[in-house]
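**Student:** Below is structure_14.tsv; it holds TSV, C-alpha atoms.
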chain	number	residue	atom	x	y	z
U	1	MET	CA	4.35	-29.12	20.70
U	2	ASP	CA	2.08	-26.12	20.33
U	3	GLY	CA	-1.41	-27.43	19.68
U	4	ALA	CA	-2.63	-24.13	18.25
U	5	ASN	CA	-0.48	-24.28	15.13
U	6	GLY	CA	1.03	-27.78	15.20
U	7	SER	CA	4.51	-26.38	15.69
U	8	VAL	CA	7.36	-26.22	18.20
U	9	VAL	CA	8.30	-22.77	16.92
U	10	SER	CA	6.66	-20.07	19.02
U	11	GLU	CA	8.52	-17.09	17.56
U	12	PHE	CA	10.57	-15.99	14.58
U	13	VAL	CA	13.79	-13.99	14.64
U	14	PHE	CA	14.56	-11.27	12.09
U	15	LEU	CA	18.12	-10.78	10.85
U	16	GLY	CA	17.24	-7.13	10.21
U	17	LEU	CA	18.79	-4.76	7.71
U	18	SER	CA	22.38	-4.27	8.84
U	19	ASN	CA	24.78	-4.93	11.72
U	20	SER	CA	26.63	-1.65	11.16
U	21	TRP	CA	25.83	0.94	13.84
U	22	GLU	CA	26.26	3.81	11.36
U	23	VAL	CA	23.90	2.21	8.84
U	24	GLN	CA	21.37	1.48	11.60
U	25	LEU	CA	21.46	5.11	12.73
U	26	LEU	CA	20.99	6.32	9.15
U	27	LEU	CA	18.09	3.91	8.64
U	28	PHE	CA	16.55	4.98	11.95
U	29	LEU	CA	16.58	8.67	11.01
U	30	PHE	CA	15.48	8.01	7.42
U	31	SER	CA	12.64	5.62	8.35
U	32	SER	CA	11.40	7.71	11.28
U	33	VAL	CA	11.16	10.90	9.18
U	34	PHE	CA	9.39	9.20	6.28
U	35	TYR	CA	7.08	7.21	8.56
U	36	MET	CA	5.91	10.33	10.41
U	37	ALA	CA	5.58	12.23	7.12
U	38	SER	CA	3.55	9.36	5.59
U	39	LEU	CA	1.31	9.20	8.65
U	40	MET	CA	0.70	12.95	8.88
U	41	GLY	CA	0.34	13.48	5.10
U	42	ASN	CA	-2.24	10.74	4.62
U	43	LEU	CA	-4.20	11.68	7.74
U	44	LEU	CA	-4.26	15.28	6.52
U	45	ILE	CA	-5.82	14.12	3.24
U	46	VAL	CA	-8.42	11.99	5.06
U	47	PHE	CA	-9.47	14.84	7.39
U	48	SER	CA	-9.38	17.45	4.60
U	49	VAL	CA	-11.72	15.41	2.38
U	50	SER	CA	-13.98	14.53	5.34
U	51	THR	CA	-14.40	18.10	6.63
U	52	ASP	CA	-14.32	20.22	3.44
U	53	SER	CA	-17.57	20.27	1.46
U	54	THR	CA	-15.76	21.31	-1.74
U	55	LEU	CA	-14.05	17.90	-1.80
U	56	HIS	CA	-17.21	15.82	-1.41
U	57	SER	CA	-16.93	14.20	-4.84
U	58	PRO	CA	-16.28	10.60	-5.99
U	59	MET	CA	-12.64	11.27	-6.90
U	60	TYR	CA	-11.77	12.69	-3.48
U	61	PHE	CA	-13.83	10.03	-1.70
U	62	LEU	CA	-11.70	7.33	-3.34
U	63	LEU	CA	-8.52	9.34	-2.70
U	64	ALA	CA	-9.35	9.68	1.01
U	65	ASN	CA	-9.87	5.93	1.26
U	66	LEU	CA	-6.54	5.33	-0.52
U	67	SER	CA	-4.86	7.58	2.04
U	68	PHE	CA	-6.60	5.70	4.86
U	69	LEU	CA	-5.18	2.46	3.46
U	70	ASP	CA	-1.73	4.05	3.19
U	71	VAL	CA	-1.90	4.88	6.90
U	72	GLY	CA	-2.32	1.16	7.42
U	73	VAL	CA	0.44	0.25	4.95
U	74	CYS	CA	3.03	2.45	6.66
U	75	SER	CA	1.96	1.25	10.13
U	76	ILE	CA	2.20	-2.51	9.58
U	77	ALA	CA	5.97	-3.06	9.32
U	78	ALA	CA	7.67	0.35	9.70
U	79	PRO	CA	7.12	0.97	13.46
U	80	ARG	CA	8.45	-2.47	14.38
U	81	MET	CA	11.39	-2.09	11.99
U	82	ILE	CA	12.30	1.24	13.63
U	83	TYR	CA	11.91	-0.31	17.10
U	84	ASP	CA	14.06	-3.34	16.17
U	85	LEU	CA	16.92	-1.42	14.54
U	86	PHE	CA	19.05	-1.20	17.72
U	87	ARG	CA	17.89	-4.46	19.32
U	88	LYS	CA	20.29	-7.38	19.28
U	89	ARG	CA	17.52	-9.98	19.18
U	90	LYS	CA	14.71	-9.02	16.82
U	91	ALA	CA	11.95	-11.54	17.60
U	92	ILE	CA	8.26	-11.69	16.77
U	93	SER	CA	5.73	-14.21	18.08
U	94	PHE	CA	4.12	-16.77	15.78
U	95	GLY	CA	0.77	-15.01	16.15
U	96	GLY	CA	2.36	-11.62	15.54
U	97	CYS	CA	3.99	-12.89	12.36
U	98	ILE	CA	0.73	-14.35	11.03
U	99	SER	CA	-1.11	-11.11	11.92
U	100	GLN	CA	1.48	-9.05	10.08
U	101	ILE	CA	1.11	-11.20	6.95
U	102	PHE	CA	-2.69	-10.99	7.19
U	103	PHE	CA	-2.76	-7.19	7.32
U	104	ILE	CA	-0.10	-6.80	4.61
U	105	HIS	CA	-2.13	-8.86	2.15
U	106	ALA	CA	-5.57	-7.63	3.25
U	107	ILE	CA	-4.65	-3.95	2.92
U	108	GLY	CA	-2.53	-4.58	-0.19
U	109	GLY	CA	-5.36	-6.45	-1.91
U	110	THR	CA	-7.86	-3.75	-0.93
U	111	GLU	CA	-5.59	-1.00	-2.29
U	112	MET	CA	-5.14	-2.96	-5.52
U	113	VAL	CA	-8.88	-3.00	-6.19
U	114	LEU	CA	-9.27	0.61	-5.06
U	115	LEU	CA	-6.66	1.74	-7.62
U	116	ILE	CA	-8.72	-0.02	-10.31
U	117	ALA	CA	-11.82	1.83	-9.04
U	118	MET	CA	-9.92	5.13	-9.26
U	119	ALA	CA	-8.95	4.34	-12.85
U	120	PHE	CA	-12.63	3.69	-13.65
U	121	ASP	CA	-13.55	6.99	-11.97
U	122	ARG	CA	-11.08	8.87	-14.19
U	123	TYR	CA	-12.36	7.03	-17.28
U	124	VAL	CA	-15.94	8.12	-16.57
U	125	ALA	CA	-14.90	11.70	-15.69
U	126	ILE	CA	-12.88	12.16	-18.89
U	127	CYS	CA	-14.68	9.97	-21.43
U	128	LYS	CA	-18.29	10.35	-20.21
U	129	PRO	CA	-18.34	13.71	-18.39
U	130	LEU	CA	-22.06	14.33	-18.89
U	131	HIS	CA	-22.95	11.06	-17.14
U	132	TYR	CA	-20.24	11.26	-14.46
U	133	LEU	CA	-22.42	12.05	-11.44
U	134	SER	CA	-25.10	9.53	-12.42
U	135	ILE	CA	-22.57	6.71	-12.94
U	136	MET	CA	-20.30	7.58	-10.00
U	137	SER	CA	-23.19	7.92	-7.58
U	138	PRO	CA	-22.75	7.57	-3.79
U	139	LYS	CA	-24.05	3.98	-4.09
U	140	MET	CA	-21.43	3.17	-6.72
U	141	CYS	CA	-18.65	4.68	-4.60
U	142	LEU	CA	-19.79	2.66	-1.59
U	143	PHE	CA	-19.98	-0.45	-3.79
U	144	PHE	CA	-16.36	0.09	-4.90
U	145	LEU	CA	-15.24	0.56	-1.29
U	146	VAL	CA	-17.03	-2.53	0.07
U	147	THR	CA	-15.89	-4.65	-2.88
U	148	SER	CA	-12.30	-3.55	-2.36
U	149	TRP	CA	-12.32	-4.61	1.31
U	150	VAL	CA	-14.11	-7.90	0.63
U	151	ILE	CA	-11.65	-8.88	-2.12
U	152	GLY	CA	-8.69	-7.78	0.02
U	153	LEU	CA	-9.85	-9.88	2.99
U	154	ILE	CA	-10.57	-12.92	0.81
U	155	HIS	CA	-7.18	-12.56	-0.89
U	156	SER	CA	-5.44	-12.58	2.49
U	157	LEU	CA	-7.50	-15.34	4.14
U	158	VAL	CA	-7.17	-17.72	1.17
U	159	GLN	CA	-3.41	-17.77	1.66
U	160	LEU	CA	-3.32	-17.86	5.47
U	161	VAL	CA	-5.84	-20.70	5.79
U	162	PHE	CA	-3.22	-23.00	4.23
U	163	VAL	CA	-0.22	-21.49	6.01
U	164	ILE	CA	-1.40	-21.26	9.61
U	165	ASP	CA	-1.40	-25.05	10.16
U	166	LEU	CA	2.00	-25.73	8.58
U	167	PRO	CA	4.52	-27.46	10.87
U	168	PHE	CA	7.41	-25.17	11.90
U	169	CYS	CA	9.76	-27.41	13.84
U	170	GLY	CA	13.27	-26.21	13.16
U	171	PRO	CA	14.80	-23.01	11.78
U	172	ASN	CA	13.00	-19.84	12.81
U	173	VAL	CA	15.28	-17.12	11.36
U	174	LEU	CA	13.88	-14.77	8.69
U	175	ASP	CA	16.39	-12.80	6.64
U	176	SER	CA	14.16	-9.73	6.67
U	177	PHE	CA	12.71	-7.09	9.00
U	178	TYR	CA	9.09	-8.20	8.66
U	179	CYS	CA	7.12	-11.40	8.03
U	180	ASP	CA	6.31	-12.26	4.45
U	181	LEU	CA	4.87	-15.43	2.92
U	182	PRO	CA	7.70	-16.52	0.56
U	183	ARG	CA	10.32	-16.48	3.34
U	184	LEU	CA	7.99	-18.02	5.92
U	185	LEU	CA	7.09	-20.94	3.66
U	186	ARG	CA	10.78	-21.84	3.28
U	187	LEU	CA	10.98	-22.44	7.06
U	188	ALA	CA	8.17	-25.01	7.14
U	189	CYS	CA	9.15	-28.62	7.93
U	190	THR	CA	7.32	-29.99	4.91
U	191	ASN	CA	7.24	-29.70	1.14
U	192	THR	CA	5.71	-26.31	0.31
U	193	GLN	CA	6.18	-26.21	-3.47
U	194	GLU	CA	2.43	-26.29	-4.11
U	195	LEU	CA	1.84	-23.52	-1.55
U	196	GLU	CA	4.63	-21.41	-3.05
U	197	PHE	CA	2.99	-21.84	-6.46
U	198	MET	CA	-0.36	-20.81	-4.94
U	199	VAL	CA	1.22	-17.67	-3.45
U	200	THR	CA	2.79	-16.84	-6.82
U	201	VAL	CA	-0.59	-17.22	-8.55
U	202	ASN	CA	-2.59	-15.45	-5.85
U	203	SER	CA	-0.23	-12.53	-5.23
U	204	GLY	CA	2.15	-12.44	-8.17
U	205	LEU	CA	-0.09	-13.01	-11.16
U	206	ILE	CA	-2.93	-10.95	-9.68
U	207	SER	CA	-0.48	-8.06	-9.19
U	208	VAL	CA	0.85	-8.37	-12.73
U	209	GLY	CA	-2.66	-8.73	-14.18
U	210	SER	CA	-3.98	-5.72	-12.28
U	211	PHE	CA	-0.95	-3.65	-13.28
U	212	ILE	CA	-1.38	-4.50	-16.98
U	213	LEU	CA	-5.12	-3.74	-16.77
U	214	LEU	CA	-4.44	-0.35	-15.17
U	215	VAL	CA	-1.71	0.54	-17.67
U	216	PHE	CA	-3.97	-0.30	-20.62
U	217	SER	CA	-6.88	1.64	-19.10
U	218	TYR	CA	-4.76	4.76	-18.57
U	219	VAL	CA	-3.28	4.48	-22.07
U	220	PHE	CA	-6.83	4.30	-23.44
U	221	ILE	CA	-7.88	7.35	-21.42
U	222	LEU	CA	-4.78	9.30	-22.52
U	223	PHE	CA	-5.53	8.38	-26.15
U	224	THR	CA	-9.12	9.60	-25.71
U	225	VAL	CA	-7.87	12.89	-24.20
U	226	TRP	CA	-5.42	13.36	-27.07
U	227	LYS	CA	-8.09	12.53	-29.67
U	228	HIS	CA	-10.59	14.97	-28.20
U	229	SER	CA	-8.11	17.58	-27.02
U	230	SER	CA	-9.61	20.68	-25.51
U	231	GLY	CA	-8.79	23.35	-22.96
U	232	GLY	CA	-9.08	20.89	-20.09
U	233	SER	CA	-6.77	18.28	-21.60
U	234	SER	CA	-3.65	19.48	-19.76
U	235	LYS	CA	-5.45	19.17	-16.40
U	236	ALA	CA	-6.64	15.67	-17.32
U	237	VAL	CA	-3.13	14.60	-18.35
U	238	SER	CA	-1.72	16.03	-15.10
U	239	THR	CA	-4.26	14.08	-13.04
U	240	LEU	CA	-3.65	10.88	-14.99
U	241	SER	CA	0.13	11.19	-14.68
U	242	ALA	CA	-0.29	11.30	-10.89
U	243	HIS	CA	-2.43	8.16	-10.98
U	244	ILE	CA	0.02	6.32	-13.25
U	245	THR	CA	2.96	7.24	-10.99
U	246	VAL	CA	1.16	5.87	-7.92
U	247	VAL	CA	0.27	2.65	-9.78
U	248	VAL	CA	3.92	2.09	-10.80
U	249	LEU	CA	5.18	2.79	-7.26
U	250	PHE	CA	2.59	0.44	-5.75
U	251	PHE	CA	2.86	-2.50	-8.14
U	252	GLY	CA	6.60	-2.36	-8.88
U	253	PRO	CA	7.83	-3.83	-5.56
U	254	LEU	CA	4.87	-6.25	-5.37
U	255	MET	CA	5.64	-7.82	-8.74
U	256	PHE	CA	9.31	-8.17	-7.74
U	257	PHE	CA	8.48	-9.85	-4.39
U	258	TYR	CA	6.01	-12.40	-5.72
U	259	THR	CA	7.10	-13.17	-9.29
U	260	TRP	CA	10.93	-13.00	-9.17
U	261	PRO	CA	12.13	-16.59	-8.58
U	262	SER	CA	15.10	-15.85	-6.29
U	263	PRO	CA	15.39	-12.14	-5.40
U	264	THR	CA	18.66	-10.75	-4.09
U	265	SER	CA	18.41	-10.50	-0.32
U	266	HIS	CA	19.67	-6.91	0.03
U	267	LEU	CA	17.69	-5.63	-2.94
U	268	ASP	CA	14.61	-7.40	-1.59
U	269	LYS	CA	15.02	-5.72	1.82
U	270	TYR	CA	15.53	-2.20	0.52
U	271	LEU	CA	12.65	-2.52	-1.93
U	272	ALA	CA	10.55	-3.58	1.07
U	273	ILE	CA	11.59	-0.38	2.91
U	274	PHE	CA	10.59	1.62	-0.16
U	275	ASP	CA	7.21	-0.15	-0.26
U	276	ALA	CA	6.58	0.16	3.50
U	277	VAL	CA	7.72	3.73	4.16
U	278	ILE	CA	8.40	5.78	1.02
U	279	THR	CA	5.46	4.80	-1.23
U	280	PRO	CA	2.80	5.79	1.39
U	281	PHE	CA	4.65	9.12	1.74
U	282	LEU	CA	4.84	9.75	-2.01
U	283	ASN	CA	1.14	9.07	-2.60
U	284	PRO	CA	-0.13	12.21	-0.78
U	285	VAL	CA	2.70	14.26	-2.29
U	286	ILE	CA	1.91	13.10	-5.84
U	287	TYR	CA	-1.85	13.57	-5.52
U	288	THR	CA	-1.69	16.99	-3.85
U	289	PHE	CA	1.36	18.61	-5.50
U	290	ARG	CA	-0.59	19.88	-8.54
U	291	ASN	CA	-4.08	19.78	-7.05
U	292	LYS	CA	-5.14	23.32	-6.14
U	293	GLU	CA	-8.44	22.23	-4.56
U	294	MET	CA	-6.69	19.79	-2.22
U	295	LYS	CA	-3.99	22.31	-1.26
U	296	MET	CA	-6.62	24.97	-0.49
U	297	ALA	CA	-8.64	22.49	1.57
U	298	MET	CA	-5.54	21.54	3.55
U	299	ARG	CA	-4.78	25.20	4.23
U	300	ARG	CA	-8.33	25.75	5.45
U	301	LEU	CA	-8.09	22.70	7.73
U	302	CYS	CA	-4.74	23.82	9.14
U	303	GLY	CA	-6.17	27.32	9.66
U	304	ARG	CA	-9.14	25.92	11.60
U	305	LEU	CA	-6.80	23.81	13.75
U	306	VAL	CA	-4.62	26.85	14.52
U	307	ARG	CA	-7.66	28.95	15.47
U	308	TYR	CA	-9.01	26.12	17.64
U	309	ARG	CA	-5.69	25.87	19.52
U	310	LYS	CA	-5.65	29.65	20.11
U	311	ILE	CA	-9.21	29.56	21.49
U	312	SER	CA	-8.53	26.56	23.72
Would you mind writing the file's structure down as structure tokens?

**Tutor:**
Amino acid sequence: MDGANGSVVSEFVFLGLSNSWEVQLLLFLFSSVFYMASLMGNLLIVFSVSTDSTLHSPMYFLLANLSFLDVGVCSIAAPRMIYDLFRKRKAISFGGCISQIFFIHAIGGTEMVLLIAMAFDRYVAICKPLHYLSIMSPKMCLFFLVTSWVIGLIHSLVQLVFVIDLPFCGPNVLDSFYCDLPRLLRLACTNTQELEFMVTVNSGLISVGSFILLVFSYVFILFTVWKHSSGGSSKAVSTLSAHITVVVLFFGPLMFFYTWPSPTSHLDKYLAIFDAVITPFLNPVIYTFRNKEMKMAMRRLCGRLVRYRKIS
């Protein structure tokens, strides 16, 4: 018996997405393209905001940190899923599984709070424009960032502290391509109903509550824009629509995973692919598609990189 975790199970085996070679090839091409696009797109945003003085504002500071988190989101499960697609035995160590769950919930919880901070930023910018820079000061931005990470880490650790010592003495097969708490709890050799309820409260209800809070806040901001319509209202609505789209894409799969009592296996898996690969890709596309300042900053960064390569 393994003394570290009180278990005879030292690894878990994934069933993966499909046994069909054609489907595996399609998933390999699809996932690889979107993973690389997610990685490059979000890194481009981070470096553009960091190096371009015209983007040194609270909104872009928060956006760069969201992109940094999305680099983490797309790198937790996607690379291993791509690597495992053509392997007959898709195994992950006990420690690797726990680490994967930790980072999924830590980064997910951090991003949840950061999206709320971005909603507050847009509220101040649109509803209190004269006080924007005094309210959204560098100290306030740093406070939002630190708070996001602290809450994300606490959210993850609270769940894992109860899970890591569970006895896993029998089945070790996960019908998925990554480790997640609901499926892992079902493999424990003990009654986990209370822990499953805790996960539902901690992850499910927090996701639903945060989503409702964000929807109401954006509705309030849109109502304020409509009530005090001016020349800049179309730009504000365009920015808010991008934020709302990202919120729906982020919280939609989360609410399904942690609040749906018995999700369909195939639907669960493909929603997980969407959450792991496509959502981090869509975030930079959504935020930069109509943003002239960001597009110009990216062009300037790419131009500097091209000139540097020519010189070197």

**Student:** To one decimal place in Å, what is the distance between atom CA of U:Leu66 and atom CA of U:Pro284?

**Tutor:**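 So the two atoms, atom CA of U:Leu66 and atom CA of U:Pro284, lie 9.4 Å apart.
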
**Student:** Looking at U:Gly204, U:Gly72, U:Gly95, U:Gly252, which one is nearest to U:Phe274, with distances taken over all atoms listed in the file?

**Tutor:**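 Among the listed residues, U:Gly252 lies closest to U:Phe274.
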
**Student:** Can you tell me, as an NGL selection string, what residues are no more than 12 Å from stretch 121-137 of chain U when counting only C-alpha atoms, ignoring any on the same chain fewer than 3 positions away?

**Tutor:** :U and (56-63 or 114-118 or 140-144 or 214 or 216-230 or 232-244)

**Student:** For U:Phe251, list every protein, DNA or RNA residue within 7 Å, evaluated using all atoms listed in the file, and leave out those in the same chain fewer than 4 positions away; present the list as a list in words.

**Tutor:** Ser207, Phe211, Val247 and Met255 of chain U

**Student:** Of the residues U:Leu271, U:Lys295, U:Leu254, U:Gly170, which is the one nearest to U:Leu205, using all atoms listed in the file?

**Tutor:**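 So, comparing all the options, the nearest one is U:Leu254.
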
**Student:** What is the atom CA of U:Thr192-atom CA of U:Leu160 distance in Å, reported with one decimal?

**Tutor:**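 Interatomic distance here is 13.4 Å.
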
**Student:** For U:Asn283, list every protein, DNA or RNA residue within 12 Å, evaluated using all atoms listed in the file, and leave out those in the same chain fewer than 6 positions away; present the list as a PyMOL selection string.

**Tutor:** chain U and resi 37-39+41-43+45+63-64+66-71+73-74+115+242-250+275+277+289

**Student:** Write out the residues from the selection above, keeping C-alpha atoms, as a PDB file, in the coordinates of the input.

**Tutor:**
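Wrote again_33.pdb, looks like this:
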ATOM      1  CA  ALA U  37       5.580  12.230   7.120  1.00  0.00           C
ATOM      2  CA  SER U  38       3.550   9.360   5.590  1.00  0.00           C
ATOM      3  CA  LEU U  39       1.310   9.200   8.650  1.00  0.00           C
ATOM      4  CA  GLY U  41       0.340  13.480   5.100  1.00  0.00           C
ATOM      5  CA  ASN U  42      -2.240  10.740   4.620  1.00  0.00           C
ATOM      6  CA  LEU U  43      -4.200  11.680   7.740  1.00  0.00           C
ATOM      7  CA  ILE U  45      -5.820  14.120   3.240  1.00  0.00           C
ATOM      8  CA  LEU U  63      -8.520   9.340  -2.700  1.00  0.00           C
ATOM      9  CA  ALA U  64      -9.350   9.680   1.010  1.00  0.00           C
ATOM     10  CA  LEU U  66      -6.540   5.330  -0.520  1.00  0.00           C
ATOM     11  CA  SER U  67      -4.860   7.580   2.040  1.00  0.00           C
ATOM     12  CA  PHE U  68      -6.600   5.700   4.860  1.00  0.00           C
ATOM     13  CA  LEU U  69      -5.180   2.460   3.460  1.00  0.00           C
ATOM     14  CA  ASP U  70      -1.730   4.050   3.190  1.00  0.00           C
ATOM     15  CA  VAL U  71      -1.900   4.880   6.900  1.00  0.00           C
ATOM     16  CA  VAL U  73       0.440   0.250   4.950  1.00  0.00           C
ATOM     17  CA  CYS U  74       3.030   2.450   6.660  1.00  0.00           C
ATOM     18  CA  LEU U 115      -6.660   1.740  -7.620  1.00  0.00           C
ATOM     19  CA  ALA U 242      -0.290  11.300 -10.890  1.00  0.00           C
ATOM     20  CA  HIS U 243      -2.430   8.160 -10.980  1.00  0.00           C
ATOM     21  CA  ILE U 244       0.020   6.320 -13.250  1.00  0.00           C
ATOM     22  CA  THR U 245       2.960   7.240 -10.990  1.00  0.00           C
ATOM     23  CA  VAL U 246       1.160   5.870  -7.920  1.00  0.00           C
ATOM     24  CA  VAL U 247       0.270   2.650  -9.780  1.00  0.00           C
ATOM     25  CA  VAL U 248       3.920   2.090 -10.800  1.00  0.00           C
ATOM     26  CA  LEU U 249       5.180   2.790  -7.260  1.00  0.00           C
ATOM     27  CA  PHE U 250       2.590   0.440  -5.750  1.00  0.00           C
ATOM     28  CA  ASP U 275       7.210  -0.150  -0.260  1.00  0.00           C
ATOM     29  CA  VAL U 277       7.720   3.730   4.160  1.00  0.00           C
ATOM     30  CA  PHE U 289       1.360  18.610  -5.500  1.00  0.00           C
TER      31      PHE U 289
END

**Student:** For atom CA of U:Ile286 and atom CA of U:Pro79, quote the distance in Å rounded to one decimal.

**Tutor:** 23.4 Å

**Student:** Of the candidates U:Ser99, U:Gln24, U:Ser53, U:Gln159, which shows the shortest atom-to-atom distance to U:Tyr83, using all atoms listed in the file?

**Tutor:**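 For U:Tyr83, the nearest of the candidates is U:Gln24.
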
**Student:** Give the answer as one residue: which of U:Val163, U:Val113, U:Cys97, U:Leu55 has the shortest atom-to-atom distance to U:Arg186, using only C-alpha atoms?

**Tutor:**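 The shortest atom-to-atom distance to U:Arg186 comes from U:Val163.
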
**Student:** Between U:Leu213, U:Val306, U:Leu301, U:Ile151, which residue has the minimum interatomic distance to U:Ile107, considering all atoms listed in the file?

**Tutor:**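 Closest residue, counting all atoms listed in the file: U:Ile151.
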
**Student:** What's around U:Pro171 at 9 Å? Count only C-alpha atoms, leave out sequence neighbours fewer than 6 positions away in its own chain, and write the answer as a PyMOL selection string.

**Tutor:** chain U and resi 9+12+187-189

**Student:** What lies within 12 Å of U:Phe30 using only C-alpha atoms, ignoring chain neighbours under 5 positions off, as a ChimeraX atom specification?

**Tutor:** /U:23-25,35-37,78,81-82,85,273-274,277-278

**Student:** Let me make sure I understand: among U:Met40, U:Trp21, U:Phe197, U:Leu184, which one has the smallest atom-to-atom distance to U:Phe168 if we use all atoms listed in the file?

**Tutor:**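 Among the listed residues, the smallest separation from U:Phe168 belongs to U:Leu184.
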